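**Q** Quick one: the structure is below, questions incoming.
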Amino acid sequence: MKKLILLAIVLLVACSRNPGPVSPAFDEVLVSRRSVRSYDPSKKISEAEIRELLLSTQEAPSWANQEPARYYVALSDEKRTALLGMIGGNKDRVAEAPVLIVSTFEKGKSGFFRGEPSNEIGDGWGAYDTGLSNAYLILKARAMGFDTLIMGMRDSEAIRSSFGIPESETVMAVIALGYRAGEPRRPDRRPLDEVVTIL
């Protein structure tokens, strides 16, 4: 019995010395996530970190588990610089972001049954599911200490050509990924009763 107690004490001490990585609380991730428009050029993100980040997007819900979202990652200087020229007015804001990610969705998957739209929204469900996937991406990014900016101003045909994106996919957004250069302001939010109706 004494040996068991001694072993338990040793294990407790060992565990307390090496608790492992601590994840931020979910509410902290929600509140600290901002649309960041200025990035620290001295900090880089590895391919392994990008893979860990994008793995989280596969946990997002989607219509009939179709997973229509697709991601094209500009990590090389060549692809990142080329993509900067395709995002209009945001170019200067994200020029120092070490990674740019193009999100797309496969047409005719979400919102369809046996090749026919299931309701009037049709491929809008693909956009919806990709938005959910993008939300998982930006929240996981914040939990990993990264920052993001989702950009809708982009030249979709130039991006399609540069990244070899097939016509069967719709280009949705370009997402900057990096580390904030300063502390962004948190915009005021509307009163809850302006956006919620409880019946």
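Here, A, B, ... name the chains of the structure tokens in the order displayed, residue numbers run from 1 inside each chain, and ligands are numbered from 1 in the same displayed order.
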So which residues touch region 34-51 of chain A within 7 Å, counting only C-alpha atoms, skipping near sequence neighbours fewer than 3 positions away, as a ChimeraX atom specification?
**A** /A:54-55,93-94,96-98,147-149,178-181,184
**Q** Can you spit out the residues from that selection as an mmCIF file, in the first residue's frame, using N, CA and C atoms?
**A**
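Listed below is the output, again_15.cif:
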data_model
loop_
_atom_site.group_PDB
_atom_site.id
_atom_site.type_symbol
_atom_site.label_atom_id
_atom_site.label_comp_id
_atom_site.auth_asym_id
_atom_site.auth_seq_id
_atom_site.Cartn_x
_atom_site.Cartn_y
_atom_site.Cartn_z
ATOM 1 N N LEU A 54 -5.174 23.765 -41.100
ATOM 2 C CA LEU A 54 -6.168 23.367 -42.092
ATOM 3 C C LEU A 54 -6.834 22.038 -41.745
ATOM 4 N N LEU A 55 -6.164 21.213 -40.953
ATOM 5 C CA LEU A 55 -6.791 19.974 -40.491
ATOM 6 C C LEU A 55 -8.058 20.291 -39.696
ATOM 7 N N ARG A 93 -2.238 46.205 -47.153
ATOM 8 C CA ARG A 93 -2.580 45.834 -45.783
ATOM 9 C C ARG A 93 -1.992 44.484 -45.381
ATOM 10 N N VAL A 94 -1.883 43.576 -46.333
ATOM 11 C CA VAL A 94 -1.438 42.219 -45.991
ATOM 12 C C VAL A 94 -0.097 41.860 -46.629
ATOM 13 N N GLU A 96 2.839 42.067 -45.634
ATOM 14 C CA GLU A 96 3.797 41.414 -44.731
ATOM 15 C C GLU A 96 3.281 40.092 -44.159
ATOM 16 N N ALA A 97 2.069 39.701 -44.488
ATOM 17 C CA ALA A 97 1.554 38.410 -44.014
ATOM 18 C C ALA A 97 2.363 37.292 -44.689
ATOM 19 N N PRO A 98 2.898 36.346 -43.920
ATOM 20 C CA PRO A 98 3.751 35.313 -44.522
ATOM 21 C C PRO A 98 3.002 34.260 -45.329
ATOM 22 N N ASP A 147 -3.061 35.414 -36.672
ATOM 23 C CA ASP A 147 -4.099 36.372 -36.999
ATOM 24 C C ASP A 147 -4.473 36.243 -38.462
ATOM 25 N N THR A 148 -5.656 36.735 -38.811
ATOM 26 C CA THR A 148 -6.185 36.543 -40.154
ATOM 27 C C THR A 148 -6.942 37.775 -40.646
ATOM 28 N N LEU A 149 -7.133 37.813 -41.955
ATOM 29 C CA LEU A 149 -8.027 38.770 -42.589
ATOM 30 C C LEU A 149 -8.669 38.062 -43.772
ATOM 31 N N GLY A 178 -0.941 35.415 -40.454
ATOM 32 C CA GLY A 178 0.336 35.868 -39.913
ATOM 33 C C GLY A 178 0.186 36.254 -38.462
ATOM 34 N N TYR A 179 1.069 37.145 -38.016
ATOM 35 C CA TYR A 179 1.048 37.638 -36.640
ATOM 36 C C TYR A 179 0.791 39.143 -36.664
ATOM 37 N N ARG A 180 -0.124 39.601 -35.839
ATOM 38 C CA ARG A 180 -0.454 41.026 -35.798
ATOM 39 C C ARG A 180 0.773 41.872 -35.444
ATOM 40 N N ALA A 181 0.880 43.031 -36.106
ATOM 41 C CA ALA A 181 1.987 43.946 -35.832
ATOM 42 C C ALA A 181 1.657 44.879 -34.676
ATOM 43 N N PRO A 184 -5.120 45.440 -32.663
ATOM 44 C CA PRO A 184 -6.234 46.049 -33.396
ATOM 45 C C PRO A 184 -7.380 46.435 -32.472
#
**Q** Compile the contact shell of region 111-114 of chain A as an MDAnalysis selection string: residues with an atom at most 7 Å away, counting only C-alpha atoms, same-chain residues fewer than 4 positions apart removed.
**A** chainID A and resid 63 118 122:123 125:126
**Q** As a PyMOL selection string, please: the residues near Val73 (chain A) (cut-off 12 Å, only C-alpha atoms, same-chain neighbours under 4 positions excluded).
**A** chain A and resi 45-47+50-51+53-54+77-80+83+98-104+159+162-163+165+174-177
**Q** How would you write, as an MDAnalysis selection string, the set of residues in region 23-152 of chain A that DSSP gives as strand (DSSP E)?
**A** chainID A and resid 69:74 99:106 112:113 116:117 147:151
**Q** Could the residues in this selection be written to a file with C-alpha atoms, as a PDB file, in the first residue's frame?
**A**
ATOM      1  CA  ALA A  69     -14.325  23.603 -49.146  1.00  0.00           C
ATOM      2  CA  ARG A  70     -10.909  23.550 -50.808  1.00  0.00           C
ATOM      3  CA  TYR A  71      -7.782  25.507 -49.891  1.00  0.00           C
ATOM      4  CA  TYR A  72      -4.844  26.702 -51.982  1.00  0.00           C
ATOM      5  CA  VAL A  73      -1.924  27.956 -49.890  1.00  0.00           C
ATOM      6  CA  ALA A  74       0.531  30.594 -51.140  1.00  0.00           C
ATOM      7  CA  VAL A  99       0.879  33.172 -45.865  1.00  0.00           C
ATOM      8  CA  LEU A 100      -2.099  33.804 -48.129  1.00  0.00           C
ATOM      9  CA  ILE A 101      -4.809  31.156 -48.499  1.00  0.00           C
ATOM     10  CA  VAL A 102      -7.406  30.941 -51.265  1.00  0.00           C
ATOM     11  CA  SER A 103     -10.671  29.266 -50.259  1.00  0.00           C
ATOM     12  CA  THR A 104     -12.989  27.725 -52.841  1.00  0.00           C
ATOM     13  CA  PHE A 105     -15.851  25.251 -52.914  1.00  0.00           C
ATOM     14  CA  GLU A 106     -16.810  22.423 -55.235  1.00  0.00           C
ATOM     15  CA  PHE A 112     -27.837  18.939 -53.993  1.00  0.00           C
ATOM     16  CA  PHE A 113     -29.444  15.486 -54.056  1.00  0.00           C
ATOM     17  CA  GLU A 116     -30.466  18.382 -58.454  1.00  0.00           C
ATOM     18  CA  PRO A 117     -30.717  21.380 -56.079  1.00  0.00           C
ATOM     19  CA  ASP A 147      -4.099  36.372 -36.999  1.00  0.00           C
ATOM     20  CA  THR A 148      -6.185  36.543 -40.154  1.00  0.00           C
ATOM     21  CA  LEU A 149      -8.027  38.770 -42.589  1.00  0.00           C
ATOM     22  CA  ILE A 150     -10.719  37.368 -44.889  1.00  0.00           C
ATOM     23  CA  MET A 151     -10.778  39.318 -48.165  1.00  0.00           C
TER      24      MET A 151
END
**Q** Measure the distance from CA of Ser76 (chain A) to CA of Asp92 (chain A) in Å and round it to one decimal.
**A**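 Distance between the two atoms: 18.1 Å.
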**Q** Between A:Gly85, A:Pro61, A:Pro68, A:Gly131, which one has atoms that come closest to Ser156 (chain A), using only C-alpha atoms?
**A**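 Looking only at the distances to Ser156 (chain A), the closest residue turns out to be A:Gly85.
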**Q** Do you know which residues are at most 10 Å from Ala135 (chain A) counting only C-alpha atoms, after dropping those on the same chain fewer than 6 positions away, and could you put them as an NGL selection string?
**A** :A and (57 or 60 or 129 or 141 or 150)
**Q** Applying 8 Å and only C-alpha atoms, which residues near region 21-33 of chain A remain after dropping the ones on its own chain fewer than 3 positions away? List them as JSON, numbers by chain.
**A** {"A": [138, 139, 142, 143, 147]}
**Q** Can you work out the spacing between CA of Met172 (chain A) and CA of Lys107 (chain A) in Å, to one decimal?
**A**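 Pair CA of Met172 (chain A) / CA of Lys107 (chain A) returns 11.6 Å.
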**Q** With only C-alpha atoms as the basis for distance, which of A:Gly152, A:Gly182, A:Pro191, A:Gly164 is at the shortest distance from Met86 (chain A)?
**A** A:Gly152
**Q** As a PyMOL selection string, which residues of region 27-150 of chain A does DSSP assign to helix (DSSP H, G or I)?
**A** chain A and resi 27-32+47-57+63-65+77-84+88-90+124-143
**Q** Pick the closest to Ile121 (chain A) from A:Val171, A:Pro166, A:Gly108, A:Thr197: which is it, counting only C-alpha atoms?
**A** A:Gly108
